[in-house]
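Written out below as structure tokens is the structure these notes cover.
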Amino acid sequence: MQIVRYPHPALRWKSKPIQQITPQLREIVSEMFELMYEARGIGLAANQVALPYRLFIMNPTGDPNEKEQEFVFLNPEILRRKGSVEGEEGCLSLPDLYGPVARAEQIVVSAFDLSGQEQELTLTELPSRVVQHENDHLDGVLFTDRLSESSLRELLPHLEDLELQFRRDQKSGAIPENAVLEKHLKSLEPSTPAG
Ligand code: ZN
């Protein structure tokens with residue numbers, strides 16, 4: 001498992017709900033926390049490790065020792081949004097790229113945790129921003145999609161560099177072609193139980 005970079009097609013994937021909490025899913029979550037800490041992040045969505053599941057994790061402190069600050073969101077839904085506040089965002093899939101994004105100030109989010117409990121959280125400040133950013137990932141939305149036109153224009157050269165690098169990696173065979181990546185994503189989608 002590794003964190004994929006823009007413009008990997010997984011980052012534009014609309015992910016499917018998780019049907020079952022399995023030992024394999026727990027293993028995925030624990031690997032995601034490891035990767036997130038290694039990369040010095042505070043949130044990571046399944047799309048960012050090329051898995052088409054509605055799942056993201058967060059630790060707003062970014063400190064692996066702060067276990068009580070670790071949150072797992074399975075099949076999250078943002079139920080309510082209040083107010084608006086602008087803040088700087090970055091993304092582990094868009095390295096070294098930062099820009100101001102307007103987000104709801106306060107949100108109410110529901111999600112299942114790994115024990116299968118549905119929880120409802122009211123969040124403000126950094127956790128609210130992280131959850132909105134990560135939840136966007138599950139719909140294939142990146143923070144750069146939410147920048148003002150002028151902020152986006154400033155970041156465009158950098159985005160183009162990332163695109164060039166990705167195409168180069170595909171040409172050299174280090175990363176498979178998009179059609180192969182997309183087929184793989186499709187094959188990993190959770191299947192809806194019959195009946
Ligand atoms: Zn991100």
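Ordering of the structure tokens sets the chain letters (A, B, ...), residue numbers begin anew at 1 in every chain, and ligands are numbered from 1 in the order given.
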For Tyr98 of chain A, find every residue with an atom within 8 Å (counting only C-alpha atoms), except residues of its own chain fewer than 3 positions away, and show them as a JSON list (two decimals) with all heavy atoms, in the first residue's frame.
```json
[["chain", "number", "residue", "atom", "x", "y", "z"],
["A", 88, "GLU", "N", -5.99, 27.45, 5.07],
["A", 88, "GLU", "CA", -5.00, 26.86, 4.17],
["A", 88, "GLU", "C", -5.12, 25.33, 4.21],
["A", 88, "GLU", "O", -5.23, 24.75, 5.27],
["A", 88, "GLU", "CB", -3.62, 27.29, 4.67],
["A", 88, "GLU", "CG", -2.51, 27.03, 3.71],
["A", 88, "GLU", "CD", -2.26, 28.20, 2.76],
["A", 88, "GLU", "OE1", -3.22, 28.97, 2.51],
["A", 88, "GLU", "OE2", -1.14, 28.33, 2.28],
["A", 89, "GLU", "N", -5.11, 24.70, 3.03],
["A", 89, "GLU", "CA", -5.13, 23.24, 2.99],
["A", 89, "GLU", "C", -4.00, 22.71, 2.13],
["A", 89, "GLU", "O", -3.53, 23.37, 1.21],
["A", 89, "GLU", "CB", -6.47, 22.73, 2.45],
["A", 89, "GLU", "CG", -7.60, 22.98, 3.43],
["A", 89, "GLU", "CD", -8.93, 22.32, 3.03],
["A", 89, "GLU", "OE1", -8.92, 21.36, 2.23],
["A", 89, "GLU", "OE2", -9.96, 22.78, 3.55],
["A", 90, "GLY", "N", -3.61, 21.49, 2.44],
["A", 90, "GLY", "CA", -2.66, 20.75, 1.61],
["A", 90, "GLY", "C", -3.17, 19.32, 1.52],
["A", 90, "GLY", "O", -4.20, 19.00, 2.10],
["A", 91, "CYS", "N", -2.47, 18.47, 0.79],
["A", 91, "CYS", "CA", -2.95, 17.11, 0.59],
["A", 91, "CYS", "C", -1.75, 16.20, 0.32],
["A", 91, "CYS", "O", -0.87, 16.56, -0.47],
["A", 91, "CYS", "CB", -3.91, 17.08, -0.59],
["A", 91, "CYS", "SG", -4.59, 15.45, -0.93]]
```
Ligand 1 neighbours within 10 Å using only C-alpha atoms and all ligand atoms, as a list of chain:residue names: A:Arg5, A:Leu11, A:Gly41, A:Ile42, A:Gly43, A:Leu44, A:Ala45, A:Asn47, A:Gln48, A:Glu89, A:Gly90, A:Cys91, A:Leu92, A:Ser93, A:Leu94, A:Pro95, A:Val130, A:Gln132, A:His133, A:Glu134, A:Asn135, A:Asp136, A:His137, A:Val141, A:Leu142, A:Phe143, A:Thr144
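Looking only at segment 118-191 of chain A, the set that DSSP places in strand (DSSP E or B) from backbone geometry is Glu118, Gln119, Glu120, Leu121, Thr122 and Leu123 of chain A.
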Let me see the file: selected residues, C-alpha atoms, as an mmCIF file, in the first residue's frame.
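And here's out.cif as it stands now:
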```
data_model
loop_
_atom_site.group_PDB
_atom_site.id
_atom_site.type_symbol
_atom_site.label_atom_id
_atom_site.label_comp_id
_atom_site.auth_asym_id
_atom_site.auth_seq_id
_atom_site.Cartn_x
_atom_site.Cartn_y
_atom_site.Cartn_z
ATOM 1 C CA GLU A 118 -22.621 4.475 14.335
ATOM 2 C CA GLN A 119 -21.361 7.710 15.851
ATOM 3 C CA GLU A 120 -22.484 11.275 15.337
ATOM 4 C CA LEU A 121 -19.860 13.967 15.884
ATOM 5 C CA THR A 122 -20.161 17.748 15.966
ATOM 6 C CA LEU A 123 -16.865 19.213 14.796
#
```
Neighbour list for Phe33 of chain A as a ChimeraX atom specification, cut-off 9 Å, only C-alpha atoms, skip fewer than 5 positions in-chain: /A:28,38,43-44,57-59,64,70
All alpha helix (DSSP H) residues (DSSP, backbone) inside segment 43-131 of chain A, as a ChimeraX atom specification: /A:125-131
I need the residues from that last selection saved to file as a PDB file, in the first residue's frame (with C-alpha atoms), if you can.
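As a result, selection_11.pdb now contains:
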```pdb
ATOM      1  CA  GLU A 125     -11.919  24.111  13.626  1.00  0.00           C
ATOM      2  CA  LEU A 126      -9.233  21.719  12.343  1.00  0.00           C
ATOM      3  CA  PRO A 127     -11.174  18.424  12.748  1.00  0.00           C
ATOM      4  CA  SER A 128     -14.115  19.967  10.862  1.00  0.00           C
ATOM      5  CA  ARG A 129     -11.819  21.000   8.001  1.00  0.00           C
ATOM      6  CA  VAL A 130     -10.039  17.632   7.880  1.00  0.00           C
ATOM      7  CA  VAL A 131     -13.325  15.709   7.747  1.00  0.00           C
TER       8      VAL A 131
END
```
Exercise: Lys186 of chain A partners within 12 Å, only C-alpha atoms, chain neighbours under 5 positions left out, as number ranges by chain: A: 9-10, 13-16, 50-53, 179-181, 191
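The closest residue to Leu162 of chain A, picked from A:Thr61, A:Ile78, A:Asp96, A:Phe56 and counting only C-alpha atoms, is A:Asp96.
When only C-alpha atoms are used to measure the gap to Lys67 of chain A, the shortest distance among A:Ser115, A:Gln106, A:Ser30, A:Ser150 belongs to A:Ser30.
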